[in-house]
Each structure stands twice: as structure tokens, then as C-alpha cells.
Amino acid sequence: MGFRHVILVCALGLGTGETALAQNAPIVLSAGTDHARTTIPVSVNGVQVRCVLDTGASTMLLSQDTASMAGVTALRAVDEISPDGMRYTGHAARIARLGVGGITVRDVPALISSNRSNAAALCGYGFFDRFPTLIDRDRSLVTLFPADAALNAMRCLRVDLSTHVPVSTVLINGTPLSNVVLDSGMSGGGILWNGALTKLAHPLTPLVTTRYDPDQSNLSCGRNAMAAFFADLPAAFVQLCTSATPPAGYDGMLQTNLSTVHRLGIDYAARRVCFS
């Protein structure tokens with residue numbers, strides 16, 4: 001189903017570096033796409049890269065090639081965990097200068113990833129913790145520091161950020177499921193732990209036959225569901241994989257790029273993710 005396992009949930013102990021930039025006027029950027037995921041231009045130590053806006057990443061992530069080009073030095077080895085339970089050896093790092101929209105922040109914690117399925121760069125927690133973000137998918141625009149009024153006009157979910165990814169409750173086939181990561185860096189649907197399936201009032205529907213995905217060793221893919229973030233709003237058709245073990249320790253992960261979502265607001269200071 002074209003599932004991209006780019007979520008990164010690592011117990012890194014990297015620290016958060018400097019946070020809480022002073023409130024700026026809104027900055028509007030032209031956005032690109034990568035497998036339905038939104039990208040923006042950033043500079044890493046002066047090197048220009050496209051960065052996937054990935055709420056499912058618990059830190060800034062750089063590929064080995066990007067880190068090498070930008071002169072980012074690998075520090076201690078750390079575990080990197082993908083949703084299918086695969087473990088990789090990454091390396092903690094610090095980005096001396098991260099530039100976006102004319103703003104430069106310094107000494108940003110990052111991970112140099114050995115997982116080659118990841119993008120050149122993922123803008124994860126270390127990005128969103130500094131830059132409240134509004135993604136306009138219809139107009140291919142990203143606004144940093146959006147006006148509070150713009151976010152307040154949207155429907156928002158409260159999220160738990162204790163693991164540096166937004167965790168909340170979603171609806172799958174009409175049943176509320178908690179402990180689910182809201183993942184803007186995922187394309188292709190989502191993943192549910194088999195243990196969470198027993199909570200569904202209406203089971204997942206196989207496409208034709210459920211298949212084992214050889215690229216995702218612990219996943220079984222090929223099921224349909226209707227997913228929504230609010231009970232009184234339309235649900236969207238998604239394809240899901242299931243996992244014998246909780247994916248990265250959660251009951252599930254769901255892409256935020258549903259067909260029903262036109263704008264996505266990410267406001268970590270207020271512990272909320274917003275939709276319209």
C-alpha cells in the first residue's frame with residue numbers, strides 16, 4: 001500500500017536544546033510533497049535540503065548523506081526504532097545552525113539515521129517545538145508562527161507530548177482508540193497493534209487477502225478502515241497494517257494526511273494538533 005515507515009520514536013535522551021523562540025510574525029513558505037507528506041526548504045549548517053514535516057519523528061533526523069554534506073558530526077550510538085519493530089543503530093548529533101524562513105536556530109539535537117528508507121531530512125520534535133506550524137495542503141503552503149485566530153478556528157485534539165510525538169485518541173471504524181500517534185510523516189494509512197483490534201466495534205475489512213509485507217517484517221498489511229479525528233466529522237478511507245507487537249510501544253499510528261484533512265495545525269506550546 002505504499003506504506004512509508006518513517007516514524008522515528010527513540011529513547012535518545014538528546015535533550016531539547018534551545019526552545020521557545022520569541023513570537024514572530026507569520027512566515028509563509030512554499031511547500032512540496034513527498035509521497036503525500038509535506039516538505040519545506042531548510043538549511044543545515046548552510047546546506048539546502050528538503051525536510052519532511054514529520055510529527056512522528058521524536059527528534060530532527062538527517063540521513064547519513066545529508067549529515068556528511070552538512071558537516072554534522074556523529075556522536076554516541078543510539079537505538080533507532082521503526083514502527084515495524086526493526087531496530088537500527090543511529091548516532092546522536094547536534095546541528096550547529098538550522099535555518100528556515102529567514103530564521104536561524106542553533107545547537108539543535110538531531111539523529112543521524114542508518115535507516116535508508118528515511119528521507120534526506122525529517123523535521124520532527126526539535127522543529128515543531130520551536131516553530132508552530134500550519135500546513136495548507138490544498139494550496140501547498142506552510143505558515144510558521146500562524147496567528148492564534150487561525151488555529152482557534154480549527155478543530156483541535158489535545159495531545160500528549162511526553163515522548164516527543166503527539167499521542168491522542170482517534171476513531172477507527174467509529175470506535176475511539178487511544179494511545180495513537182498522529183503522524184504527519186506517514187503515507188499509506190497507518191498501523192494498529194493486534195491488541196487494539198479487539199476494541200473495534202466493527203472489524204477491519206481485508207482488501208482481498210491480507211498480505212505479509214516483506215519490507216516490514218512484523219507487519220501484516222492489506223486491511224481497510226474508516227478513520228476520523230472527530231466523531232461528528234466525515235471519516236476517510238484508509239489502508240492499515242497490523243502489528244503483532246505495539247508499534248514503537250503505541251497502540252497505533254495514523255497518518256494525518258487523510259483525504260478529509262485540508263489544513264493541519266501543529267501547536268506544541270498549547271499541546272494541540274488541529275484540523276480543518
# chains A, B, ... in the order shown; residues from 1 in each chain; ligands from 1

call {"tool": "select_by_dssp", "arguments": {"residues": "stretch 92-272 of chain A", "states": "alpha helix (DSSP H)", "output": "PyMOL selection string"}}
result
chain A and resi 125-128+148-152+194-197

call {"tool": "closest_residue", "arguments": {"among": "A:Ala227, A:Met60, A:Ala196, A:Ala244", "to": "A:Val170", "atoms": "only C-alpha atoms"}}
result
A:Ala227

call {"tool": "residues_around", "arguments": {"residues": "A:Arg139", "least_positions_apart": "4", "cutoff": "10 Å", "atoms": "only C-alpha atoms", "output": "list in words"}}
result
Ser30, Ala31, Ile135, His262 and Arg263 of chain A

call {"tool": "closest_residue", "arguments": {"among": "A:Met86, A:Leu61, A:Val72, A:Ile103", "to": "A:Phe145", "atoms": "only C-alpha atoms"}}
result
A:Ile103

call {"tool": "atom_distance", "arguments": {"atom1": "atom CA of A:Pro132", "atom2": "atom CA of A:Gly265"}}
result
7.8 Å

call {"tool": "residues_around", "arguments": {"residues": "A:Phe275", "least_positions_apart": "5", "cutoff": "7 Å", "atoms": "only C-alpha atoms", "output": "NGL selection string"}}
result
:A and (154-156 or 261 or 263-265)

call {"tool": "write_last_selection", "arguments": {"atoms": "N, CA and C atoms", "output": "compact mmCIF listing (two decimals), in the first residue's frame"}}
result
# COMPACT_ATOMS: atom_id res chain seq x y z
N MET A 154 -9.95 26.19 14.00
CA MET A 154 -9.90 24.80 13.58
C MET A 154 -10.38 23.88 14.71
N ARG A 155 -10.60 22.61 14.38
CA ARG A 155 -10.92 21.62 15.39
C ARG A 155 -9.62 21.02 15.89
N CYS A 156 -9.42 21.01 17.20
CA CYS A 156 -8.13 20.62 17.75
C CYS A 156 -8.25 19.43 18.70
N VAL A 261 -8.63 15.90 5.42
CA VAL A 261 -7.85 16.96 6.07
C VAL A 261 -7.27 17.88 5.02
N ARG A 263 -6.22 21.28 6.07
CA ARG A 263 -5.20 22.06 6.79
C ARG A 263 -4.89 21.36 8.10
N LEU A 264 -3.62 21.40 8.46
CA LEU A 264 -3.15 20.76 9.69
C LEU A 264 -2.36 21.78 10.49
N GLY A 265 -2.78 22.02 11.74
CA GLY A 265 -2.08 22.94 12.62
C GLY A 265 -1.35 22.18 13.71

call {"tool": "atom_distance", "arguments": {"atom1": "atom CA of A:Ala96", "atom2": "atom CA of A:Asn24"}}
result
21.5 Å
